[in-house]
Each structure stands twice: as C-alpha cells, then as structure tokens.
file start-v4.csv (CSV, C-alpha atoms and all ligand atoms)
chain,number,residue,atom,x,y,z
A,554,MET,CA,-25.0,22.3,2.7
A,555,MET,CA,-21.6,23.4,4.0
A,556,LEU,CA,-20.4,19.8,3.7
A,557,ASN,CA,-21.6,19.5,0.2
A,558,ASN,CA,-19.8,22.7,-0.8
A,559,GLU,CA,-16.6,21.3,0.7
A,560,LEU,CA,-17.0,18.0,-1.0
A,561,SER,CA,-17.6,19.8,-4.3
A,562,ALA,CA,-14.5,21.9,-3.7
A,563,ILE,CA,-12.2,18.9,-3.1
A,564,GLU,CA,-13.7,17.1,-6.1
A,565,ASP,CA,-13.0,20.2,-8.3
A,566,ALA,CA,-9.4,20.2,-7.0
A,567,ILE,CA,-9.1,16.5,-7.9
A,568,ARG,CA,-10.3,17.2,-11.4
A,569,ASP,CA,-7.7,20.0,-11.7
A,570,CYS,CA,-4.8,18.0,-10.1
A,571,GLN,CA,-1.6,17.5,-12.0
A,572,ARG,CA,0.6,16.4,-9.0
A,573,CYS,CA,1.8,13.2,-10.6
A,574,GLU,CA,2.2,11.7,-14.1
A,575,LEU,CA,-1.0,9.8,-13.9
A,576,HIS,CA,-3.0,12.8,-15.0
A,577,GLU,CA,-1.2,12.8,-18.4
A,578,THR,CA,-2.9,9.5,-19.5
A,579,VAL,CA,-6.3,9.8,-17.8
A,580,THR,CA,-9.6,10.0,-19.6
A,581,ASN,CA,-11.8,10.7,-16.5
A,582,LYS,CA,-10.8,11.2,-12.9
A,583,VAL,CA,-12.6,8.7,-10.7
A,584,ILE,CA,-13.6,10.4,-7.5
A,585,ARG,CA,-16.4,8.7,-5.5
A,586,LYS,CA,-19.5,6.7,-5.6
A,587,GLY,CA,-22.3,6.4,-3.0
A,588,SER,CA,-23.6,8.5,-0.1
A,589,ASP,CA,-22.1,11.8,1.0
A,590,ASP,CA,-23.0,10.8,4.6
A,591,PRO,CA,-21.9,7.2,4.8
A,592,LYS,CA,-21.6,4.9,7.8
A,593,VAL,CA,-19.1,2.8,5.9
A,594,LEU,CA,-16.4,4.0,3.6
A,595,PHE,CA,-14.7,1.5,1.3
A,596,ILE,CA,-11.3,2.4,0.0
A,597,GLY,CA,-10.3,0.6,-3.2
A,598,GLU,CA,-7.1,0.6,-5.1
A,599,ALA,CA,-7.1,2.5,-8.4
A,600,PRO,CA,-9.4,3.0,-11.4
A,601,GLY,CA,-9.3,0.4,-14.2
A,602,LYS,CA,-10.3,0.7,-17.8
A,603,ASN,CA,-14.1,0.8,-17.3
A,604,GLU,CA,-13.7,3.4,-14.5
A,605,ASP,CA,-11.4,5.6,-16.6
A,606,GLU,CA,-13.9,5.5,-19.4
A,607,THR,CA,-16.9,6.4,-17.2
A,608,GLY,CA,-15.5,8.3,-14.2
A,609,VAL,CA,-17.4,5.9,-11.9
A,610,PRO,CA,-15.5,3.8,-9.3
A,611,PHE,CA,-16.0,0.1,-9.3
A,612,CYS,CA,-18.2,-0.1,-12.4
A,613,GLY,CA,-16.6,-3.2,-13.9
A,614,ARG,CA,-16.2,-6.8,-12.8
A,615,ALA,CA,-14.7,-6.0,-9.4
A,616,GLY,CA,-17.6,-3.6,-8.9
A,617,THR,CA,-20.1,-6.4,-9.3
A,618,ILE,CA,-18.4,-8.2,-6.5
A,619,LEU,CA,-18.2,-5.1,-4.4
A,620,ASP,CA,-22.0,-4.8,-4.9
A,621,GLU,CA,-22.4,-8.3,-3.7
A,622,ILE,CA,-20.3,-7.5,-0.6
A,623,ILE,CA,-22.4,-4.4,0.1
A,624,GLY,CA,-25.6,-6.5,-0.4
A,625,TYR,CA,-24.3,-9.2,1.9
A,626,MET,CA,-23.6,-6.5,4.6
A,627,ASP,CA,-27.2,-5.3,4.2
A,628,LEU,CA,-26.0,-1.8,3.8
A,629,PRO,CA,-28.7,0.6,2.4
A,630,ASP,CA,-27.6,3.0,-0.3
A,631,GLU,CA,-27.4,6.0,2.1
A,632,ASP,CA,-25.0,4.1,4.4
A,633,TRP,CA,-22.0,3.5,2.1
A,634,ALA,CA,-19.5,5.2,-0.2
A,635,VAL,CA,-16.4,4.1,-2.1
A,636,VAL,CA,-13.3,6.0,-3.1
A,637,ASN,CA,-9.9,4.9,-4.4
A,638,THR,CA,-6.3,5.5,-3.3
A,639,VAL,CA,-5.6,7.3,-6.5
A,640,LYS,CA,-8.1,9.0,-8.7
A,641,CYS,CA,-6.4,8.4,-12.1
A,642,ARG,CA,-6.0,5.0,-13.8
A,643,PRO,CA,-2.4,3.8,-13.8
A,644,PRO,CA,-1.3,2.8,-17.3
A,645,LYS,CA,-2.0,-0.9,-18.1
A,646,ASN,CA,-3.6,-1.2,-14.7
A,647,ARG,CA,-0.2,-1.5,-12.9
A,648,ASN,CA,-0.2,-0.9,-9.2
A,649,PRO,CA,0.1,2.8,-8.2
A,650,HIS,CA,3.7,3.8,-7.3
A,651,LYS,CA,4.5,4.9,-3.8
A,652,MET,CA,5.0,8.5,-5.0
A,653,GLU,CA,1.6,8.5,-6.7
A,654,LEU,CA,-0.1,7.2,-3.5
A,655,GLN,CA,1.7,10.0,-1.6
A,656,SER,CA,0.6,12.7,-4.1
A,657,CYS,CA,-3.0,11.6,-4.0
A,658,LYS,CA,-3.1,11.0,-0.2
A,659,PRO,CA,-4.2,14.6,0.8
A,660,PHE,CA,-7.3,14.1,-1.3
A,661,LEU,CA,-8.0,10.7,0.3
A,662,ILE,CA,-7.5,12.2,3.8
A,663,LYS,CA,-9.8,15.1,3.0
A,664,GLN,CA,-12.5,12.8,1.6
A,665,ILE,CA,-12.3,10.7,4.8
A,666,GLU,CA,-12.5,13.8,6.9
A,667,LEU,CA,-15.6,15.2,5.0
A,668,LEU,CA,-17.4,11.9,4.6
A,669,ASP,CA,-16.6,11.1,8.3
A,670,PRO,CA,-17.6,7.4,8.2
A,671,ASP,CA,-18.0,5.3,11.4
A,672,LEU,CA,-16.1,2.5,9.7
A,673,ILE,CA,-13.4,2.4,7.0
A,674,ILE,CA,-13.0,-0.8,5.1
A,675,LEU,CA,-9.6,-1.2,3.3
A,676,LEU,CA,-10.0,-3.3,0.2
A,677,GLY,CA,-6.6,-5.0,0.0
A,678,ASN,CA,-3.0,-4.1,0.4
A,679,THR,CA,-2.8,-1.0,-1.8
A,680,ALA,CA,-5.6,0.7,0.3
A,681,GLN,CA,-3.6,-0.2,3.5
A,682,LYS,CA,-0.4,1.1,2.0
A,683,ALA,CA,-2.1,4.4,1.1
A,684,PHE,CA,-4.0,4.9,4.3
A,685,CYS,CA,-1.5,3.6,6.9
A,686,PRO,CA,1.9,3.0,5.2
A,687,ASP,CA,3.7,2.6,8.5
A,688,HIS,CA,1.1,0.2,10.0
A,689,PRO,CA,1.0,-3.0,7.9
A,690,LEU,CA,-2.3,-4.9,8.4
A,691,GLU,CA,-3.2,-8.5,7.7
A,692,TRP,CA,-6.4,-9.6,6.0
A,693,GLY,CA,-9.1,-9.6,8.7
A,694,ALA,CA,-7.4,-6.9,10.9
A,695,THR,CA,-9.8,-4.7,12.9
A,696,GLU,CA,-8.0,-1.8,14.5
A,697,MET,CA,-8.4,1.8,15.6
A,698,ILE,CA,-6.0,3.9,13.5
A,699,GLU,CA,-5.9,7.7,13.8
A,700,ASP,CA,-9.2,7.6,15.7
A,701,ARG,CA,-10.9,5.6,13.0
A,702,CYS,CA,-12.3,2.1,13.1
A,703,ILE,CA,-10.6,0.2,10.3
A,704,LEU,CA,-11.2,-3.3,8.8
A,705,LYS,CA,-9.0,-4.8,6.2
A,706,ILE,CA,-10.5,-7.3,3.8
A,707,TYR,CA,-9.7,-8.8,0.4
A,708,HIS,CA,-10.1,-6.5,-2.6
A,709,PRO,CA,-13.1,-7.7,-4.7
A,710,ALA,CA,-10.9,-8.6,-7.6
A,711,ALA,CA,-9.0,-11.1,-5.4
A,712,LEU,CA,-12.3,-13.0,-4.9
A,713,ILE,CA,-13.1,-13.4,-8.6
A,714,TYR,CA,-11.3,-16.8,-9.0
A,715,THR,CA,-10.8,-17.9,-5.4
A,716,ARG,CA,-13.9,-19.4,-3.8
A,717,SER,CA,-12.3,-20.2,-0.5
A,718,ARG,CA,-11.4,-16.5,0.0
A,719,ARG,CA,-15.0,-15.6,-0.7
A,720,VAL,CA,-16.2,-18.0,2.0
A,721,ASP,CA,-13.6,-16.6,4.5
A,722,GLN,CA,-14.5,-13.0,3.7
A,723,TYR,CA,-18.2,-13.5,4.2
A,724,ARG,CA,-17.6,-15.4,7.4
A,725,PHE,CA,-15.4,-12.6,8.6
A,726,LEU,CA,-18.0,-10.0,7.7
A,727,ASP,CA,-20.7,-11.9,9.6
A,728,GLU,CA,-18.4,-11.8,12.7
A,729,GLN,CA,-18.0,-8.0,12.4
A,730,ARG,CA,-21.7,-7.0,11.7
A,731,HIS,CA,-21.9,-5.2,15.0
A,732,LEU,CA,-19.5,-2.6,13.6
A,733,TRP,CA,-22.1,-1.2,11.1
A,734,GLN,CA,-25.5,-2.5,12.4
B,1,LIG,N1,-10.7,-1.6,-8.6
B,1,LIG,C1,-10.5,-0.6,-7.7
B,1,LIG,O1,-9.8,-0.7,-6.7
B,1,LIG,N2,-11.1,0.6,-7.9
B,1,LIG,C2,-12.0,0.8,-8.9
B,1,LIG,O2,-12.5,1.8,-9.0
B,1,LIG,C3,-12.2,-0.3,-9.8
B,1,LIG,C4,-11.5,-1.5,-9.6
call {"tool": "encode", "arguments": {"input": "start-v4.csv", "output": "structure tokens", "more": "lines below"}}
Ligand code: URA
result
Amino acid sequence: MMLNNELSAIEDAIRDCQRCELHETVTNKVIRKGSDDPKVLFIGEAPGKNEDETGVPFCGRAGTILDEIIGYMDLPDEDWAVVNTVKCRPPKNRNPHKMELQSCKPFLIKQIELLDPDLIILLGNTAQKAFCPDHPLEWGATEMIEDRCILKIYHPAALIYTRSRRVDQYRFLDEQRHLWQ
C-alpha cells in the first residue's frame, strides 16, 4: 500500500512537471504500463504519436513488437513493466535532447527505485544514454550497473524492417533466460 502511494505520488509529480519544453506540446504524459511489482523493467525511448494521444506507453507499432518480445520471454503480466526515458512526446518524434533526458532522469530513477525490478532491459541507445550516460553499452551487453542487473537490446522499432536483428535478438534472449526465469 505504501509503495502504491509512493508510485501515485511520483506519477502525480510527472503529470505536473514543467521542467523542460516538452511539456508545452504534450497531449498526455506517458508514465508506465504493466505491473507495479515487476521482475523485469523495460526502459524505452520516448512516447510517439499514439502514446501521446492515449497516455499509454508502447501502444503503437513498436508496442506490438514489444508484446512479441515479452511473449517470447514467457513473462506473465505480473512480471513486467515498461517506462520511457522521457514522459512527454518530443515534437515530430525527434530523439530527446540531452537536457530533456537529464530533466526527466529523477523520475526514471524514482520509478526504478519504487518498482525495484530484478532486471532492467534497456531498449536501445537512448535508454542507455538516459540510464548510464557515462557507461556506453553495446547491443547484447549484460552488466551490473549501480547494483542493478542490466541488459541492452535493440529497441522494438529497430526490428520492424530488419529480420536479421530479430533473429539475433531472440537468440540473445534465449541465452539470457536464466536472468528472469
Ligand atoms: N517507443 C518508445 O520508446 N516508447 C513508447 O512509448 C513508444 C514507442
């Protein structure tokens, strides 16, 4: 109950946030999807058009692929959650600027602390730049960073047109199953 109160408080603070310019063009803040007690926390990039319209992370095309990844990992609904590096859609889906990542980072860190996953999966480079800017990671990295077990994989959108990446990603996830099973 305490945890839920703290999660609600941080989510209210995100809704009220005006720390960077992204809030000026946002329709809905996009905060979190999934369990509030996940084993695995996915960190995406930034909300796109569909997410901005609905307030739900990964509800468009990339979301369909993330759902496939979660299905492939055999993760039940209570075992995963997903958040983004920034909670507001950048105009025209541009990459978030460094300063925007920095402004939103305290929210990301608090979400990680409260959700307290066993494993964090960084979906692509922006997630890595937000979570560990001084610690560049290659695709397929598995490391302990700040006492957290981290995997870095391709962002779902990077798999849409590239079949070979999908094959590599699923093979890699097979090799790492022991981390969440
Ligand atoms: N891509 C992301 O990184 N996050 C979303 O919420 C949607 C698409």
call {"tool": "residues_near_ligand", "arguments": {"input": "start-v4.csv", "ligand": "ligand LIG 1 (chain B)", "cutoff": "9 Å", "atoms": "all atoms listed in the file", "output": "count of residues only"}}
result
36
call {"tool": "atom_distance", "arguments": {"input": "start-v4.csv", "atom1": "CA of Cys573 (chain A)", "atom2": "CA of Pro659 (chain A)"}}
result
13.0 Å
call {"tool": "atom_distance", "arguments": {"input": "start-v4.csv", "atom1": "CA of Tyr625 (chain A)", "atom2": "CA of Leu661 (chain A)"}}
result
25.8 Å
call {"tool": "residues_around", "arguments": {"input": "start-v4.csv", "residues": "region 554-568 of chain A", "least_positions_apart": "2", "cutoff": "7 Å", "atoms": "all atoms listed in the file", "output": "NGL selection string"}}
result
:A and (570 or 582 or 584 or 667)
call {"tool": "residues_near_point", "arguments": {"input": "start-v4.csv", "point": "(-19.2, -3.3, -1.2)", "cutoff": "9 Å", "atoms": "all atoms listed in the file", "output": "count of residues only"}}
result
17
call {"tool": "closest_residue", "arguments": {"input": "start-v4.csv", "among": "A:Asp671, A:Asn678, A:Asp721, A:Cys641", "to": "Met697 (chain A)", "atoms": "only C-alpha atoms"}}
result
A:Asp671
call {"tool": "residues_near_point", "arguments": {"input": "start-v4.csv", "point": "(-1.2, 6.6, 7.8)", "cutoff": "12 Å", "atoms": "all atoms listed in the file", "output": "PyMOL selection string"}}
result
chain A and resi 654-655+658-659+661-662+680-690+697-701+703
call {"tool": "write_last_selection", "arguments": {"input": "start-v4.csv", "atoms": "C-alpha atoms", "output": "short mmCIF file (atom, residue, chain, number, x, y, z; two decimals), in the coordinates of the input"}}
result
data_model
loop_
_atom_site.label_atom_id
_atom_site.label_comp_id
_atom_site.auth_asym_id
_atom_site.auth_seq_id
_atom_site.Cartn_x
_atom_site.Cartn_y
_atom_site.Cartn_z
CA LEU A 654 -0.10 7.20 -3.50
CA GLN A 655 1.70 10.00 -1.60
CA LYS A 658 -3.10 11.00 -0.20
CA PRO A 659 -4.20 14.60 0.80
CA LEU A 661 -8.00 10.70 0.30
CA ILE A 662 -7.50 12.20 3.80
CA ALA A 680 -5.60 0.70 0.30
CA GLN A 681 -3.60 -0.20 3.50
CA LYS A 682 -0.40 1.10 2.00
CA ALA A 683 -2.10 4.40 1.10
CA PHE A 684 -4.00 4.90 4.30
CA CYS A 685 -1.50 3.60 6.90
CA PRO A 686 1.90 3.00 5.20
CA ASP A 687 3.70 2.60 8.50
CA HIS A 688 1.10 0.20 10.00
CA PRO A 689 1.00 -3.00 7.90
CA LEU A 690 -2.30 -4.90 8.40
CA MET A 697 -8.40 1.80 15.60
CA ILE A 698 -6.00 3.90 13.50
CA GLU A 699 -5.90 7.70 13.80
CA ASP A 700 -9.20 7.60 15.70
CA ARG A 701 -10.90 5.60 13.00
CA ILE A 703 -10.60 0.20 10.30
#
